[in-house]
Amino acid sequence: MQVVRELLARAVLAVIGMPILIICAYWGGWWLLGLVALITIIALGEYYSATFTVQLRPLVGIGYLSAVLLLGIAMFVPAEDQAQWMVTVLFLATLGTMLGQCRRGNYKGATMNSAVTLFGVVYIALLMTFLIKLRNIDLPAQLGEPTGPVLGSVGTLLLVVVPVWILDTVAFTVGSAWGRRPLSPILSPRKTVEGALAGFASCVAATVLVGLWLHLPWPYGMALGALLGIFSQLGDAAKSTIKRDLKLDDFGNIFGPHGGVLDRFDGLLFSMPIAYAYLWIAFLR
């Protein structure tokens with residue numbers, strides 16, 4: 001019954017969340033920026049709140065401001081100028097965190113507090129900018145194929161989001177029903193080898209199918225699906241590493257049994273940059 005309830009919760013979340021993502025991606029601009037900023041700020045808040053439980057004191061104001069600036073750059077600055085602006089934001093964030101620690105008057109833990117602040121900006125905010133970057137890729141047009149307002153604005157994003165969501169669901173289902181061999185008993189005791197393999201296979205299949213909808217040749221879809229299948233699970237492992245270090249079960253409870261926002265987007269945080277890099281190397285440069 002627990003597995004059934006979990007699957008129903010995942011289905012409800014997908015039915016509500018996917019249309020919101022598609023609509024905001026279709027409209028773009030401030031609508032998409034608002035959605036991505038909301039997700040990022042909540043996830044960053046979950047992370048910073050968790051670090052407070054182990055007596056760390058990140059400068060959350062600098063973290064939030066840096067996150068919004070990075071997302072704004074990804075949305076409104078031309079692609080060829082984004083790297084310089086983002087490096088500038090990260091430099092100012094580094095400077096700000098160190099100066100902020102000086103103002104506190106107590107220098108104990110200053111290095112760790114600064115590092116924790118900046119890690120949250122890079123791990124969550126910087127990687128979330130790739131959601132915007134993927135939305136701005138009109139993949140059919142890059143392939144010289146027919147496109148349209150839906151394919152051009154939503155297609156490439158769905159090429160990553162849908163397979164990663166399917167991977168997570170299939171891995172959970174297969175692992176719960178038939179999993180026998182633990183994948184990592186200490187890091188993720190509920191994950192199994194059987195679930196990971198089934199999730200990987202389903203991710204490759206889903207990427208090929210969504211890719212064919214976007215006129216992406218199936219060999220490219222298989223290669224991208226394999227990358228997503230690996231890096232999505234690495235993203236989950238990375239999040240689990242942080243949780244074990246902070247002695248957490250989940251980063252939040254906004255999604256009930258699903259945990260927090262960061263618990264739901266962990267796979268995408270690693271999948272979106274690798275997908276963008278793959279598409280850039282294969283088709284955009």
# chains A, B, ... in the order shown; residues from 1 in each chain; ligands from 1
>>> select_by_dssp(residues="region 21-270 of chain A", states="alpha helix (DSSP H)", output="VMD selection string")
chain A and resid 21 to 27 29 to 52 60 to 76 79 to 104 110 to 120 127 to 135 139 to 142 149 to 150 156 to 178 193 to 213 218 to 246 261 to 270
>>> closest_atom_pairs(of="region 146-245 of chain A", to="region 264-278 of chain A", cutoff="7 Å", atoms="only C-alpha atoms", output="JSON lines")
{"residue": "A:Val160", "atom": "CA", "partner": "A:Met272", "partner_atom": "CA", "distance": 6.8}
{"residue": "A:Val164", "atom": "CA", "partner": "A:Leu268", "partner_atom": "CA", "distance": 6.9}
{"residue": "A:Leu224", "atom": "CA", "partner": "A:Ala275", "partner_atom": "CA", "distance": 6.8}
{"residue": "A:Leu228", "atom": "CA", "partner": "A:Ser271", "partner_atom": "CA", "distance": 5.4}
{"residue": "A:Phe231", "atom": "CA", "partner": "A:Ser271", "partner_atom": "CA", "distance": 5.5}
{"residue": "A:Ser232", "atom": "CA", "partner": "A:Gly267", "partner_atom": "CA", "distance": 4.0}
{"residue": "A:Gln233", "atom": "CA", "partner": "A:Gly267", "partner_atom": "CA", "distance": 6.1}
{"residue": "A:Gly235", "atom": "CA", "partner": "A:Gly267", "partner_atom": "CA", "distance": 4.6}
{"residue": "A:Asp236", "atom": "CA", "partner": "A:Gly267", "partner_atom": "CA", "distance": 5.3}
{"residue": "A:Lys239", "atom": "CA", "partner": "A:Asp266", "partner_atom": "CA", "distance": 6.3}
>>> write_last_selection(atoms="N, CA and C atoms", output="PDB file, in the first residue's frame")
ATOM      1  N   VAL A 160      14.375  16.784 -21.579  1.00  0.00           N
ATOM      2  CA  VAL A 160      15.158  16.486 -20.377  1.00  0.00           C
ATOM      3  C   VAL A 160      14.260  16.171 -19.189  1.00  0.00           C
ATOM      4  N   VAL A 164      13.798  12.309 -17.105  1.00  0.00           N
ATOM      5  CA  VAL A 164      14.292  12.279 -15.722  1.00  0.00           C
ATOM      6  C   VAL A 164      13.160  11.942 -14.753  1.00  0.00           C
ATOM      7  N   LEU A 224      21.953  10.828 -25.602  1.00  0.00           N
ATOM      8  CA  LEU A 224      21.490  11.796 -24.605  1.00  0.00           C
ATOM      9  C   LEU A 224      20.782  11.086 -23.459  1.00  0.00           C
ATOM     10  N   LEU A 228      21.585  11.307 -19.479  1.00  0.00           N
ATOM     11  CA  LEU A 228      20.575  11.676 -18.491  1.00  0.00           C
ATOM     12  C   LEU A 228      20.398  10.571 -17.450  1.00  0.00           C
ATOM     13  N   PHE A 231      23.613  10.860 -15.139  1.00  0.00           N
ATOM     14  CA  PHE A 231      23.810  12.081 -14.359  1.00  0.00           C
ATOM     15  C   PHE A 231      22.614  12.389 -13.457  1.00  0.00           C
ATOM     16  N   SER A 232      21.426  11.959 -13.851  1.00  0.00           N
ATOM     17  CA  SER A 232      20.287  12.138 -12.959  1.00  0.00           C
ATOM     18  C   SER A 232      20.482  11.357 -11.671  1.00  0.00           C
ATOM     19  N   GLN A 233      20.970  10.141 -11.775  1.00  0.00           N
ATOM     20  CA  GLN A 233      21.193   9.329 -10.584  1.00  0.00           C
ATOM     21  C   GLN A 233      22.406   9.808  -9.795  1.00  0.00           C
ATOM     22  N   GLY A 235      23.071  12.966  -9.577  1.00  0.00           N
ATOM     23  CA  GLY A 235      22.502  14.113  -8.872  1.00  0.00           C
ATOM     24  C   GLY A 235      21.791  13.686  -7.599  1.00  0.00           C
ATOM     25  N   ASP A 236      21.065  12.580  -7.674  1.00  0.00           N
ATOM     26  CA  ASP A 236      20.399  12.057  -6.487  1.00  0.00           C
ATOM     27  C   ASP A 236      21.420  11.623  -5.438  1.00  0.00           C
ATOM     28  N   LYS A 239      22.901  14.735  -3.722  1.00  0.00           N
ATOM     29  CA  LYS A 239      21.981  15.269  -2.712  1.00  0.00           C
ATOM     30  C   LYS A 239      21.966  14.395  -1.472  1.00  0.00           C
TER      31      LYS A 239
END
>>> residues_around(residues="Tyr26 (chain A)", least_positions_apart="3", cutoff="6 Å", atoms="only C-alpha atoms", output="list in words")
Ile22, Ile23, Ser153 and Val154 of chain A
>>> write_last_selection(atoms="N, CA and C atoms", output="PDB file, in the first residue's frame")
ATOM      1  N   ILE A  22       4.935  23.690 -18.435  1.00  0.00           N
ATOM      2  CA  ILE A  22       4.737  23.841 -19.880  1.00  0.00           C
ATOM      3  C   ILE A  22       4.179  25.218 -20.208  1.00  0.00           C
ATOM      4  N   ILE A  23       3.199  25.680 -19.446  1.00  0.00           N
ATOM      5  CA  ILE A  23       2.591  26.989 -19.709  1.00  0.00           C
ATOM      6  C   ILE A  23       3.614  28.102 -19.519  1.00  0.00           C
ATOM      7  N   SER A 153       9.470  26.301 -28.023  1.00  0.00           N
ATOM      8  CA  SER A 153       9.603  26.878 -26.687  1.00  0.00           C
ATOM      9  C   SER A 153       9.560  25.858 -25.562  1.00  0.00           C
ATOM     10  N   VAL A 154       8.989  24.696 -25.817  1.00  0.00           N
ATOM     11  CA  VAL A 154       8.789  23.712 -24.755  1.00  0.00           C
ATOM     12  C   VAL A 154       9.524  22.409 -25.027  1.00  0.00           C
TER      13      VAL A 154
END
>>> atom_distance(atom1="CA of Val87 (chain A)", atom2="CA of Leu35 (chain A)")
23.5 Å
>>> residues_around(residues="Leu33 (chain A)", least_positions_apart="3", cutoff="10 Å", atoms="only C-alpha atoms", output="MDAnalysis selection string")
chainID A and resid 24:25 28:30 36:39 68 71:72 74:76 129 131:132
>>> write_last_selection(atoms="N, CA and C atoms", output="PDB file, in the first residue's frame")
ATOM      1  N   CYS A  24       4.357  28.063 -18.423  1.00  0.00           N
ATOM      2  CA  CYS A  24       5.351  29.114 -18.168  1.00  0.00           C
ATOM      3  C   CYS A  24       6.480  29.071 -19.197  1.00  0.00           C
ATOM      4  N   ALA A  25       6.880  27.872 -19.604  1.00  0.00           N
ATOM      5  CA  ALA A  25       7.916  27.771 -20.631  1.00  0.00           C
ATOM      6  C   ALA A  25       7.404  28.287 -21.972  1.00  0.00           C
ATOM      7  N   GLY A  28       7.273  32.054 -21.579  1.00  0.00           N
ATOM      8  CA  GLY A  28       8.630  32.563 -21.450  1.00  0.00           C
ATOM      9  C   GLY A  28       8.704  33.855 -20.652  1.00  0.00           C
ATOM     10  N   GLY A  29       9.794  34.585 -20.842  1.00  0.00           N
ATOM     11  CA  GLY A  29       9.957  35.890 -20.215  1.00  0.00           C
ATOM     12  C   GLY A  29       9.800  35.857 -18.709  1.00  0.00           C
ATOM     13  N   TRP A  30       9.060  36.854 -18.199  1.00  0.00           N
ATOM     14  CA  TRP A  30       8.892  36.990 -16.761  1.00  0.00           C
ATOM     15  C   TRP A  30       8.129  35.824 -16.156  1.00  0.00           C
ATOM     16  N   VAL A  36      10.942  29.747 -12.231  1.00  0.00           N
ATOM     17  CA  VAL A  36      12.262  29.199 -11.923  1.00  0.00           C
ATOM     18  C   VAL A  36      12.839  29.872 -10.682  1.00  0.00           C
ATOM     19  N   ALA A  37      12.624  31.180 -10.542  1.00  0.00           N
ATOM     20  CA  ALA A  37      13.110  31.883  -9.355  1.00  0.00           C
ATOM     21  C   ALA A  37      12.428  31.360  -8.097  1.00  0.00           C
ATOM     22  N   LEU A  38      11.139  31.102  -8.162  1.00  0.00           N
ATOM     23  CA  LEU A  38      10.412  30.568  -7.013  1.00  0.00           C
ATOM     24  C   LEU A  38      10.964  29.207  -6.608  1.00  0.00           C
ATOM     25  N   ILE A  39      11.143  28.334  -7.583  1.00  0.00           N
ATOM     26  CA  ILE A  39      11.697  27.002  -7.310  1.00  0.00           C
ATOM     27  C   ILE A  39      13.091  27.121  -6.700  1.00  0.00           C
ATOM     28  N   VAL A  68      18.959  35.201  -7.830  1.00  0.00           N
ATOM     29  CA  VAL A  68      18.057  35.964  -8.697  1.00  0.00           C
ATOM     30  C   VAL A  68      18.835  36.615  -9.836  1.00  0.00           C
ATOM     31  N   LEU A  71      19.770  33.975 -12.495  1.00  0.00           N
ATOM     32  CA  LEU A  71      18.608  33.590 -13.299  1.00  0.00           C
ATOM     33  C   LEU A  71      18.218  34.710 -14.257  1.00  0.00           C
ATOM     34  N   GLY A  72      18.279  35.952 -13.793  1.00  0.00           N
ATOM     35  CA  GLY A  72      17.969  37.078 -14.664  1.00  0.00           C
ATOM     36  C   GLY A  72      18.927  37.179 -15.821  1.00  0.00           C
ATOM     37  N   ALA A  74      20.551  34.648 -17.201  1.00  0.00           N
ATOM     38  CA  ALA A  74      20.221  33.558 -18.120  1.00  0.00           C
ATOM     39  C   ALA A  74      19.002  33.884 -18.969  1.00  0.00           C
ATOM     40  N   MET A  75      18.075  34.665 -18.418  1.00  0.00           N
ATOM     41  CA  MET A  75      16.849  34.980 -19.141  1.00  0.00           C
ATOM     42  C   MET A  75      17.017  36.142 -20.113  1.00  0.00           C
ATOM     43  N   PHE A  76      17.701  37.207 -19.702  1.00  0.00           N
ATOM     44  CA  PHE A  76      17.638  38.444 -20.470  1.00  0.00           C
ATOM     45  C   PHE A  76      18.949  38.865 -21.149  1.00  0.00           C
ATOM     46  N   THR A 129      19.934  27.713 -13.788  1.00  0.00           N
ATOM     47  CA  THR A 129      19.910  28.582 -14.980  1.00  0.00           C
ATOM     48  C   THR A 129      19.804  27.767 -16.263  1.00  0.00           C
ATOM     49  N   LEU A 131      17.791  25.416 -16.857  1.00  0.00           N
ATOM     50  CA  LEU A 131      16.395  25.224 -17.220  1.00  0.00           C
ATOM     51  C   LEU A 131      15.973  26.306 -18.210  1.00  0.00           C
ATOM     52  N   ILE A 132      16.414  27.527 -17.953  1.00  0.00           N
ATOM     53  CA  ILE A 132      16.122  28.639 -18.860  1.00  0.00           C
ATOM     54  C   ILE A 132      16.889  28.466 -20.172  1.00  0.00           C
TER      55      ILE A 132
END
>>> residues_around(residues="Met222 (chain A)", least_positions_apart="2", cutoff="6 Å", atoms="only C-alpha atoms", output="NGL selection string")
:A and (204 or 208 or 219-220 or 224-225)
>>> write_last_selection(atoms="N, CA and C atoms", output="CSV table (one decimal), in the first residue's frame")
chain,number,residue,atom,x,y,z
A,204,VAL,N,16.5,6.1,-21.2
A,204,VAL,CA,16.9,6.1,-22.5
A,204,VAL,C,15.8,6.0,-23.5
A,208,VAL,N,14.6,8.8,-26.3
A,208,VAL,CA,14.5,8.5,-27.8
A,208,VAL,C,13.1,8.9,-28.3
A,219,PRO,N,19.8,7.7,-32.7
A,219,PRO,CA,21.1,7.5,-32.1
A,219,PRO,C,21.5,8.7,-31.1
A,220,TYR,N,21.2,9.9,-31.5
A,220,TYR,CA,21.5,11.0,-30.7
A,220,TYR,C,20.6,11.0,-29.4
A,224,LEU,N,22.0,10.8,-25.6
A,224,LEU,CA,21.5,11.8,-24.6
A,224,LEU,C,20.8,11.1,-23.5
A,225,GLY,N,20.0,10.1,-23.8
A,225,GLY,CA,19.3,9.4,-22.7
A,225,GLY,C,20.2,8.7,-21.8
>>> atom_distance(atom1="CA of Gly260 (chain A)", atom2="CA of Leu246 (chain A)")
15.0 Å
>>> select_by_dssp(residues="region 104-252 of chain A", states="strand (DSSP E or B)", output="PyMOL selection string")
chain A and resi 182-184+188-192
